[in-house]
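Asker: Next comes the structure file query-v7.pdb, holding PDB, C-alpha atoms, pLDDT in the B column.
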ATOM      1  CA  VAL A   1     -17.180   0.959 -39.695  1.00 81.00           C
ATOM      2  CA  SER A   2     -19.353   3.938 -38.873  1.00 86.00           C
ATOM      3  CA  ARG A   3     -17.986   6.734 -36.720  1.00 86.00           C
ATOM      4  CA  MET A   4     -20.666   6.094 -34.077  1.00 87.00           C
ATOM      5  CA  THR A   5     -19.685   2.407 -33.794  1.00 89.00           C
ATOM      6  CA  LEU A   6     -16.027   3.379 -33.469  1.00 86.00           C
ATOM      7  CA  ARG A   7     -16.816   5.888 -30.702  1.00 82.00           C
ATOM      8  CA  GLN A   8     -18.800   3.252 -28.814  1.00 86.00           C
ATOM      9  CA  ALA A   9     -15.971   0.717 -29.119  1.00 87.00           C
ATOM     10  CA  LEU A  10     -13.377   3.224 -27.892  1.00 82.00           C
ATOM     11  CA  GLY A  11     -15.668   4.281 -25.040  1.00 81.00           C
ATOM     12  CA  SER A  12     -16.028   0.661 -23.965  1.00 82.00           C
ATOM     13  CA  LEU A  13     -12.243   0.163 -23.994  1.00 77.00           C
ATOM     14  CA  GLU A  14     -11.813   3.339 -21.940  1.00 74.00           C
ATOM     15  CA  GLN A  15     -14.357   2.175 -19.344  1.00 73.00           C
ATOM     16  CA  GLN A  16     -12.481  -1.134 -19.024  1.00 65.00           C
ATOM     17  CA  GLY A  17      -9.222   0.742 -18.453  1.00 62.00           C
ATOM     18  CA  TRP A  18      -7.455  -0.459 -21.599  1.00 67.00           C
ATOM     19  CA  ILE A  19      -7.014   2.939 -23.249  1.00 70.00           C
ATOM     20  CA  GLU A  20      -6.770   6.582 -22.232  1.00 69.00           C
ATOM     21  CA  ARG A  21      -8.429   9.217 -24.395  1.00 68.00           C
ATOM     22  CA  ARG A  22      -6.813  12.653 -24.412  1.00 69.00           C
ATOM     23  CA  ARG A  23      -8.187  15.780 -26.000  1.00 70.00           C
ATOM     24  CA  GLY A  24      -6.297  18.638 -27.576  1.00 67.00           C
ATOM     25  CA  ARG A  25      -3.707  19.052 -30.313  1.00 66.00           C
ATOM     26  CA  SER A  26      -1.519  16.269 -28.879  1.00 67.00           C
ATOM     27  CA  GLY A  27      -4.493  14.124 -27.893  1.00 72.00           C
ATOM     28  CA  GLY A  28      -5.692  10.807 -29.175  1.00 78.00           C
ATOM     29  CA  ASN A  29      -6.303   7.281 -27.957  1.00 74.00           C
ATOM     30  CA  PHE A  30      -3.400   5.738 -26.047  1.00 72.00           C
ATOM     31  CA  ILE A  31      -2.923   2.259 -24.626  1.00 71.00           C
ATOM     32  CA  ARG A  32      -3.121   2.406 -20.838  1.00 64.00           C
ATOM     33  CA  GLU A  33      -0.967   0.297 -18.541  1.00 63.00           C
ATOM     34  CA  PRO A  34      -3.318  -2.110 -16.698  1.00 63.00           C
ATOM     35  CA  GLN A  35      -3.771  -1.616 -12.981  1.00 68.00           C
ATOM     36  CA  VAL A  36      -2.098  -4.015 -10.575  1.00 69.00           C
ATOM     37  CA  GLU A  37      -4.517  -5.671  -8.169  1.00 67.00           C
ATOM     38  CA  VAL A  38      -3.358  -5.323  -4.562  1.00 70.00           C
ATOM     39  CA  ASP A  39      -4.981  -8.089  -2.517  1.00 64.00           C
ATOM     40  CA  LEU A  40      -5.001  -7.198   1.207  1.00 69.00           C
ATOM     41  CA  THR A  41      -6.659 -10.445   2.266  1.00 67.00           C
ATOM     42  CA  GLY A  42      -4.742 -12.336   4.952  1.00 65.00           C
ATOM     43  CA  LEU A  43      -2.227  -9.609   5.895  1.00 65.00           C
ATOM     44  CA  PRO A  44       0.269 -10.037   3.048  1.00 67.00           C
ATOM     45  CA  GLY A  45       3.331  -7.868   2.601  1.00 69.00           C
ATOM     46  CA  PHE A  46       3.908  -6.016  -0.677  1.00 68.00           C
ATOM     47  CA  THR A  47       6.103  -8.838  -2.016  1.00 70.00           C
ATOM     48  CA  GLU A  48       3.279 -11.333  -1.467  1.00 71.00           C
ATOM     49  CA  GLN A  49       0.724  -8.911  -2.926  1.00 72.00           C
ATOM     50  CA  MET A  50       2.717  -8.693  -6.152  1.00 69.00           C
ATOM     51  CA  ARG A  51       3.201 -12.471  -6.241  1.00 73.00           C
ATOM     52  CA  ARG A  52      -0.572 -12.859  -6.139  1.00 73.00           C
ATOM     53  CA  ALA A  53      -0.821 -10.415  -9.047  1.00 68.00           C
ATOM     54  CA  ASN A  54       1.894 -12.351 -10.969  1.00 72.00           C
ATOM     55  CA  VAL A  55       4.168  -9.306 -10.918  1.00 72.00           C
ATOM     56  CA  ARG A  56       7.731  -9.119  -9.655  1.00 75.00           C
ATOM     57  CA  ALA A  57       8.134  -6.686  -6.761  1.00 72.00           C
ATOM     58  CA  GLY A  58      10.969  -4.213  -6.401  1.00 82.00           C
ATOM     59  CA  ALA A  59      12.085  -1.895  -3.605  1.00 87.00           C
ATOM     60  CA  ARG A  60      14.226   1.197  -3.164  1.00 93.00           C
ATOM     61  CA  VAL A  61      15.151   2.217   0.369  1.00 96.00           C
ATOM     62  CA  VAL A  62      14.656   5.967   0.872  1.00 97.00           C
ATOM     63  CA  ARG A  63      15.801   5.960   4.501  1.00 97.00           C
ATOM     64  CA  ALA A  64      16.277   3.498   7.328  1.00 98.00           C
ATOM     65  CA  GLN A  65      17.107   4.950  10.722  1.00 98.00           C
ATOM     66  CA  VAL A  66      16.469   4.952  14.462  1.00 98.00           C
ATOM     67  CA  ILE A  67      14.093   7.689  15.605  1.00 97.00           C
ATOM     68  CA  ARG A  68      12.094   8.814  18.598  1.00 97.00           C
ATOM     69  CA  PRO A  69       8.468   8.190  17.650  1.00 96.00           C
ATOM     70  CA  THR A  70       5.851  10.838  17.051  1.00 96.00           C
ATOM     71  CA  PRO A  71       2.769  10.618  19.276  1.00 96.00           C
ATOM     72  CA  GLU A  72       0.871   8.781  16.521  1.00 96.00           C
ATOM     73  CA  VAL A  73       3.645   6.219  15.987  1.00 97.00           C
ATOM     74  CA  ALA A  74       4.164   5.693  19.734  1.00 97.00           C
ATOM     75  CA  GLU A  75       0.452   5.080  20.196  1.00 97.00           C
ATOM     76  CA  GLY A  76       0.370   2.785  17.154  1.00 97.00           C
ATOM     77  CA  LEU A  77       3.186   0.651  18.581  1.00 97.00           C
ATOM     78  CA  ASP A  78       2.008   0.857  22.213  1.00 97.00           C
ATOM     79  CA  LEU A  79       5.340   2.400  23.213  1.00 97.00           C
ATOM     80  CA  ARG A  80       6.579   5.266  25.353  1.00 95.00           C
ATOM     81  CA  ARG A  81       7.638   8.452  23.587  1.00 93.00           C
ATOM     82  CA  ASP A  82      11.282   7.898  24.651  1.00 95.00           C
ATOM     83  CA  ALA A  83      11.502   4.397  23.117  1.00 96.00           C
ATOM     84  CA  ASP A  84      13.691   3.819  20.055  1.00 97.00           C
ATOM     85  CA  VAL A  85      11.855   2.973  16.835  1.00 98.00           C
ATOM     86  CA  PHE A  86      13.116   1.821  13.451  1.00 98.00           C
ATOM     87  CA  GLU A  87      11.756   3.968  10.612  1.00 98.00           C
ATOM     88  CA  ILE A  88      12.034   2.286   7.204  1.00 97.00           C
ATOM     89  CA  VAL A  89      10.764   4.205   4.173  1.00 98.00           C
ATOM     90  CA  ARG A  90      10.759   2.414   0.839  1.00 96.00           C
ATOM     91  CA  VAL A  91       9.390   2.963  -2.648  1.00 95.00           C
ATOM     92  CA  ARG A  92       7.827  -0.305  -3.833  1.00 89.00           C
ATOM     93  CA  SER A  93       7.650  -0.928  -7.553  1.00 85.00           C
ATOM     94  CA  ALA A  94       6.328  -3.347 -10.137  1.00 81.00           C
ATOM     95  CA  ARG A  95       7.034  -3.458 -13.862  1.00 77.00           C
ATOM     96  CA  ARG A  96       9.819  -0.963 -13.124  1.00 79.00           C
ATOM     97  CA  GLU A  97       7.302   1.661 -12.039  1.00 85.00           C
ATOM     98  CA  PRO A  98       6.702   2.965  -8.492  1.00 90.00           C
ATOM     99  CA  LEU A  99       3.373   1.757  -7.120  1.00 88.00           C
ATOM    100  CA  ALA A 100       3.519   2.415  -3.383  1.00 91.00           C
ATOM    101  CA  LEU A 101       5.381   4.386  -0.757  1.00 95.00           C
ATOM    102  CA  GLU A 102       5.796   2.433   2.480  1.00 93.00           C
ATOM    103  CA  GLU A 103       6.501   4.016   5.865  1.00 97.00           C
ATOM    104  CA  THR A 104       7.150   1.210   8.328  1.00 97.00           C
ATOM    105  CA  TYR A 105       7.801   1.646  12.061  1.00 98.00           C
ATOM    106  CA  LEU A 106       9.070  -1.210  14.250  1.00 98.00           C
ATOM    107  CA  PRO A 107      10.094  -1.327  17.940  1.00 98.00           C
ATOM    108  CA  ALA A 108      13.908  -1.297  17.864  1.00 98.00           C
ATOM    109  CA  GLU A 109      14.135  -3.366  21.038  1.00 97.00           C
ATOM    110  CA  LEU A 110      12.362  -6.307  19.382  1.00 97.00           C
ATOM    111  CA  PHE A 111      14.472  -6.354  16.204  1.00 97.00           C
ATOM    112  CA  PRO A 112      18.162  -5.828  17.087  1.00 97.00           C
ATOM    113  CA  GLY A 113      20.407  -5.538  14.052  1.00 96.00           C
ATOM    114  CA  LEU A 114      17.517  -5.247  11.593  1.00 97.00           C
ATOM    115  CA  LEU A 115      18.934  -2.184   9.818  1.00 97.00           C
ATOM    116  CA  ASP A 116      22.114  -4.128   9.037  1.00 96.00           C
ATOM    117  CA  ARG A 117      20.131  -6.701   7.048  1.00 96.00           C
ATOM    118  CA  PRO A 118      19.070  -6.353   3.387  1.00 94.00           C
ATOM    119  CA  LEU A 119      15.911  -4.232   3.330  1.00 95.00           C
ATOM    120  CA  THR A 120      14.930  -4.465  -0.329  1.00 91.00           C
ATOM    121  CA  GLY A 121      12.997  -7.704   0.102  1.00 88.00           C
ATOM    122  CA  SER A 122      10.154  -8.736   2.384  1.00 88.00           C
ATOM    123  CA  LEU A 123      10.309  -7.163   5.855  1.00 92.00           C
ATOM    124  CA  TYR A 124       7.754  -9.679   7.045  1.00 91.00           C
ATOM    125  CA  GLY A 125      10.110 -12.413   5.876  1.00 91.00           C
ATOM    126  CA  LEU A 126      12.936 -10.936   7.945  1.00 94.00           C
ATOM    127  CA  MET A 127      10.674 -10.553  10.971  1.00 95.00           C
ATOM    128  CA  ARG A 128       9.586 -14.161  10.660  1.00 93.00           C
ATOM    129  CA  THR A 129      12.902 -15.820   9.825  1.00 95.00           C
ATOM    130  CA  HIS A 130      15.309 -13.964  12.120  1.00 96.00           C
ATOM    131  CA  TYR A 131      13.098 -12.867  15.008  1.00 97.00           C
ATOM    132  CA  ASP A 132      10.059 -15.165  14.983  1.00 96.00           C
ATOM    133  CA  LEU A 133       7.878 -12.065  15.309  1.00 95.00           C
ATOM    134  CA  ALA A 134       5.930 -11.926  12.064  1.00 89.00           C
ATOM    135  CA  PRO A 135       2.573 -10.105  12.148  1.00 92.00           C
ATOM    136  CA  HIS A 136      -0.376 -12.457  12.573  1.00 92.00           C
ATOM    137  CA  HIS A 137      -3.315 -10.061  12.635  1.00 92.00           C
ATOM    138  CA  ALA A 138      -3.827  -6.361  12.067  1.00 89.00           C
ATOM    139  CA  GLN A 139      -6.278  -3.523  11.997  1.00 91.00           C
ATOM    140  CA  GLU A 140      -6.149  -1.414   8.854  1.00 90.00           C
ATOM    141  CA  TRP A 141      -7.713   1.908   7.875  1.00 93.00           C
ATOM    142  CA  LEU A 142      -8.199   2.864   4.200  1.00 91.00           C
ATOM    143  CA  GLU A 143      -8.733   6.485   3.198  1.00 94.00           C
ATOM    144  CA  PRO A 144      -7.955   8.839   0.310  1.00 94.00           C
ATOM    145  CA  GLU A 145      -5.148  11.356   0.666  1.00 96.00           C
ATOM    146  CA  ILE A 146      -3.789  14.215  -1.422  1.00 96.00           C
ATOM    147  CA  SER A 147      -0.100  13.606  -2.090  1.00 95.00           C
ATOM    148  CA  SER A 148       2.478  16.060  -0.785  1.00 96.00           C
ATOM    149  CA  SER A 149       5.340  17.295  -2.940  1.00 96.00           C
ATOM    150  CA  GLU A 150       7.737  14.853  -1.258  1.00 95.00           C
ATOM    151  CA  HIS A 151       5.469  11.836  -1.677  1.00 96.00           C
ATOM    152  CA  ALA A 152       4.590  12.805  -5.251  1.00 95.00           C
ATOM    153  CA  ALA A 153       8.267  13.024  -6.238  1.00 95.00           C
ATOM    154  CA  LEU A 154       8.954   9.549  -4.828  1.00 96.00           C
ATOM    155  CA  LEU A 155       5.908   8.050  -6.552  1.00 94.00           C
ATOM    156  CA  GLU A 156       6.575   9.975  -9.793  1.00 92.00           C
ATOM    157  CA  ILE A 157       3.163  11.645  -9.860  1.00 91.00           C
ATOM    158  CA  GLU A 158       2.007  15.255  -9.819  1.00 92.00           C
ATOM    159  CA  PRO A 159       1.757  16.960  -6.399  1.00 93.00           C
ATOM    160  CA  GLY A 160      -1.853  17.039  -5.252  1.00 94.00           C
ATOM    161  CA  THR A 161      -2.689  13.748  -6.963  1.00 93.00           C
ATOM    162  CA  ALA A 162      -5.006  11.510  -4.949  1.00 93.00           C
ATOM    163  CA  VAL A 163      -3.477   8.349  -3.483  1.00 94.00           C
ATOM    164  CA  LEU A 164      -4.926   5.614  -1.287  1.00 93.00           C
ATOM    165  CA  LEU A 165      -3.528   5.618   2.239  1.00 95.00           C
ATOM    166  CA  VAL A 166      -3.555   2.331   4.158  1.00 92.00           C
ATOM    167  CA  THR A 167      -2.685   2.746   7.851  1.00 95.00           C
ATOM    168  CA  ARG A 168      -1.923  -0.478   9.693  1.00 94.00           C
ATOM    169  CA  LYS A 169      -1.311  -1.650  13.235  1.00 96.00           C
ATOM    170  CA  ALA A 170      -0.113  -5.264  13.300  1.00 95.00           C
ATOM    171  CA  SER A 171       0.475  -7.737  16.119  1.00 95.00           C
ATOM    172  CA  THR A 172       1.815 -11.247  16.616  1.00 95.00           C
ATOM    173  CA  ALA A 173      -0.374 -14.238  17.418  1.00 93.00           C
ATOM    174  CA  ALA A 174       0.357 -13.576  21.105  1.00 95.00           C
ATOM    175  CA  GLY A 175      -0.933 -10.001  20.811  1.00 95.00           C
ATOM    176  CA  LEU A 176       2.427  -8.194  20.827  1.00 97.00           C
ATOM    177  CA  THR A 177       2.335  -5.066  18.653  1.00 97.00           C
ATOM    178  CA  VAL A 178       5.230  -5.242  16.198  1.00 97.00           C
ATOM    179  CA  GLU A 179       4.381  -2.857  13.354  1.00 97.00           C
ATOM    180  CA  PHE A 180       2.785   0.488  12.653  1.00 98.00           C
ATOM    181  CA  ALA A 181       2.767   1.432   8.979  1.00 96.00           C
ATOM    182  CA  ARG A 182       1.437   3.925   6.468  1.00 97.00           C
ATOM    183  CA  ASP A 183       1.350   2.679   2.877  1.00 94.00           C
ATOM    184  CA  ARG A 184       0.410   5.048   0.056  1.00 95.00           C
ATOM    185  CA  TYR A 185      -0.702   3.457  -3.223  1.00 91.00           C
ATOM    186  CA  ARG A 186      -0.938   5.165  -6.600  1.00 91.00           C
ATOM    187  CA  ALA A 187      -4.616   5.245  -7.531  1.00 87.00           C
ATOM    188  CA  ASP A 188      -3.873   5.229 -11.257  1.00 84.00           C
ATOM    189  CA  ARG A 189      -1.791   2.051 -11.153  1.00 80.00           C
ATOM    190  CA  THR A 190      -3.294  -0.054  -8.370  1.00 79.00           C
ATOM    191  CA  ARG A 191      -6.673  -1.434  -7.390  1.00 77.00           C
ATOM    192  CA  ILE A 192      -7.275  -2.630  -3.830  1.00 75.00           C
ATOM    193  CA  SER A 193      -9.141  -5.906  -3.315  1.00 74.00           C
ATOM    194  CA  LEU A 194     -10.199  -7.603  -0.095  1.00 73.00           C
ATOM    195  CA  ARG A 195     -12.102 -10.863   0.386  1.00 72.00           C
ATOM    196  CA  THR A 196     -14.566 -10.868   3.266  1.00 73.00           C
ATOM    197  CA  GLY A 197     -17.152 -13.247   4.645  1.00 70.00           C
ATOM    198  CA  VAL A 198     -19.324 -14.144   7.586  1.00 68.00           C
ATOM    199  CA  ALA A 199     -17.726 -16.474  10.126  1.00 64.00           C
ATOM    200  CA  PRO A 200     -19.481 -19.829  10.748  1.00 69.00           C
ATOM    201  CA  GLY A 201     -22.185 -19.470  13.378  1.00 66.00           C
ATOM    202  CA  ALA A 202     -22.215 -15.678  13.171  1.00 60.00           C
ATOM    203  CA  THR A 203     -25.469 -13.811  12.713  1.00 60.00           C
ATOM    204  CA  THR A 204     -26.136 -10.629  10.826  1.00 53.00           C
ATOM    205  CA  GLU A 205     -28.766  -7.986  11.477  1.00 58.00           C
ATOM    206  CA  LEU A 206     -30.284  -5.521   9.049  1.00 50.00           C
ATOM    207  CA  LEU A 207     -30.702  -2.092  10.611  1.00 51.00           C
ATOM    208  CA  ILE A 208     -33.065   0.297   8.853  1.00 52.00           C
ATOM    209  CA  GLU A 209     -33.081   3.932   9.869  1.00 53.00           C
ATOM    210  CA  ARG A 210     -36.308   5.740   9.115  1.00 48.00           C
ATOM    211  CA  VAL A 211     -36.099   9.423   8.373  1.00 41.00           C
TER     212      VAL A 211
END
Would you give me this structure, written as structure tokens?

Answerer:
Amino acid sequence: VSRMTLRQALGSLEQQGWIERRRGRSGGNFIREPQVEVDLTGLPGFTEQMRRANVRAGARVVRAQVIRPTPEVAEGLDLRRDADVFEIVRVRSARREPLALEETYLPAELFPGLLDRPLTGSLYGLMRTHYDLAPHHAQEWLEPEISSSEHAALLEIEPGTAVLLVTRKASTAAGLTVEFARDRYRADRTRISLRTGVAPGATTELLIERV
């Protein structure tokens, strides 16, 4: 096989994400761990996201406590600043590797005794089974973020590495706000997917701005 053909083959594998090519004395071509697809369609929790990707989810609780909310959290939960809020921070993993850092905030008044329950599984499952207050719809914001030293240590990445921040405000079917969350996903190990469509009977308009 010619050297040019080999370079083209390796370049194609790199573009597809199967290998990582490193330069230098210790460089070479290394097999790259495939990214895990995180499907946000339908408001799934992390456990359900990993089930869709055929990967077993894991969780490590960093802290779970009662706090007074910051202005952002209070606004996200539609609460007063003096209301008690559960803060649950967890590192979510798959294939024994950290993939996401979850910061979840819940109104303490709605979920009495929650912190005494096992928190390494699905929080949505607990909210549904024990309180009948599972999120039904949500608004989510996706944006890049540069990881802090604390977040980088928990995700096992270098400080300053880019991560994908998903901020979420979720409510029940009756419109009661039950969750405000910030989820940070490792960009090198996850790929976000979302299925969208036009509702029946809806119309679309094409707007063209002339400069």

Asker: Residues picked by the PyMOL selection byres ((chain A and resi 126-140) around 9) here, as a ChimeraX atom specification?

Answerer: /A:42-43,110-112,114,117-119,121-125,141-142,166-179

Asker: Give me, please, the distance in Å between CA of Ser193 (chain A) and CA of Leu164 (chain A), quoted to one decimal.

Answerer: 12.4 Å

Asker: Check what the PyMOL selection byres ((chain A and resi 66-73) around 7) selects in the file above and give those residues as a VMD selection string.

Answerer: chain A and resid 65 74 to 77 81 to 87 180

Asker: Name the closest residue to Glu97 (chain A) among the candidates A:Gly28, A:Pro159, A:Gly113, A:Gly58; distances are taken between atoms, counting all atoms listed in the file.

Answerer: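 Of A:Gly28, A:Pro159, A:Gly113, A:Gly58, the one nearest Glu97 (chain A), counting all atoms listed in the file, is A:Gly58.
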
Asker: Could you work out how far CA of Leu10 (chain A) lies from CA of Asn29 (chain A), giving the answer in Å with one decimal?

Answerer: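 We find that CA of Asn29 (chain A) and CA of Leu10 (chain A) lie 8.2 Å from each other.
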
Asker: Name the residues that the PyMOL selection byres ((chain A and resi 187) around 10) picks from the file above, as a PyMOL selection string, using the file's chain letters and numbers.

Answerer: chain A and resi 35+99-100+144+161-165+184-186+188-192

Asker: How would you write as number ranges by chain the residues that get within 7 Å of (5.8, -1.8, 9.1) in the file's frame, counting only C-alpha atoms?

Answerer: A: 103-106, 179-181

Asker: What is the CA of Ile19 (chain A)-CA of Asp183 (chain A) distance in Å, reported with one decimal?

Answerer: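 Answer for the CA of Ile19 (chain A) to CA of Asp183 (chain A) separation: 27.4 Å.
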
Asker: Applying 7 Å and only C-alpha atoms, which residues near Gly160 (chain A) remain after dropping the ones on its own chain fewer than 2 positions away? List them as number ranges by chain.

Answerer: A: 146-148, 158, 162

Asker: For Leu115 (chain A), which residue among A:Arg80, A:Leu101, A:Val55, A:Val89 is the nearest when counting only C-alpha atoms?

Answerer: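 Smallest distance to Leu115 (chain A) is found for A:Val89.
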
Asker: Which of these, A:Glu143, A:Glu102, A:Leu6, A:Arg92, has the shortest distance to Thr47 (chain A) once you count all atoms listed in the file?

Answerer: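 Of the candidates, the smallest distance to Thr47 (chain A) is held by A:Arg92.
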
Asker: So which one's closest to Ala94 (chain A), A:Ala59, A:Ala153, A:Ile31, A:Met4? Using all atoms listed in the file, please.

Answerer: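 The closest residue to Ala94 (chain A) is A:Ala59.
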
Asker: Here is a test: counting all atoms listed in the file, which residue of A:Arg7, A:Thr196, A:Arg56, A:Val62 is nearest to Arg96 (chain A)?

Answerer: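 Of A:Arg7, A:Thr196, A:Arg56, A:Val62, the one nearest Arg96 (chain A), counting all atoms listed in the file, is A:Arg56.
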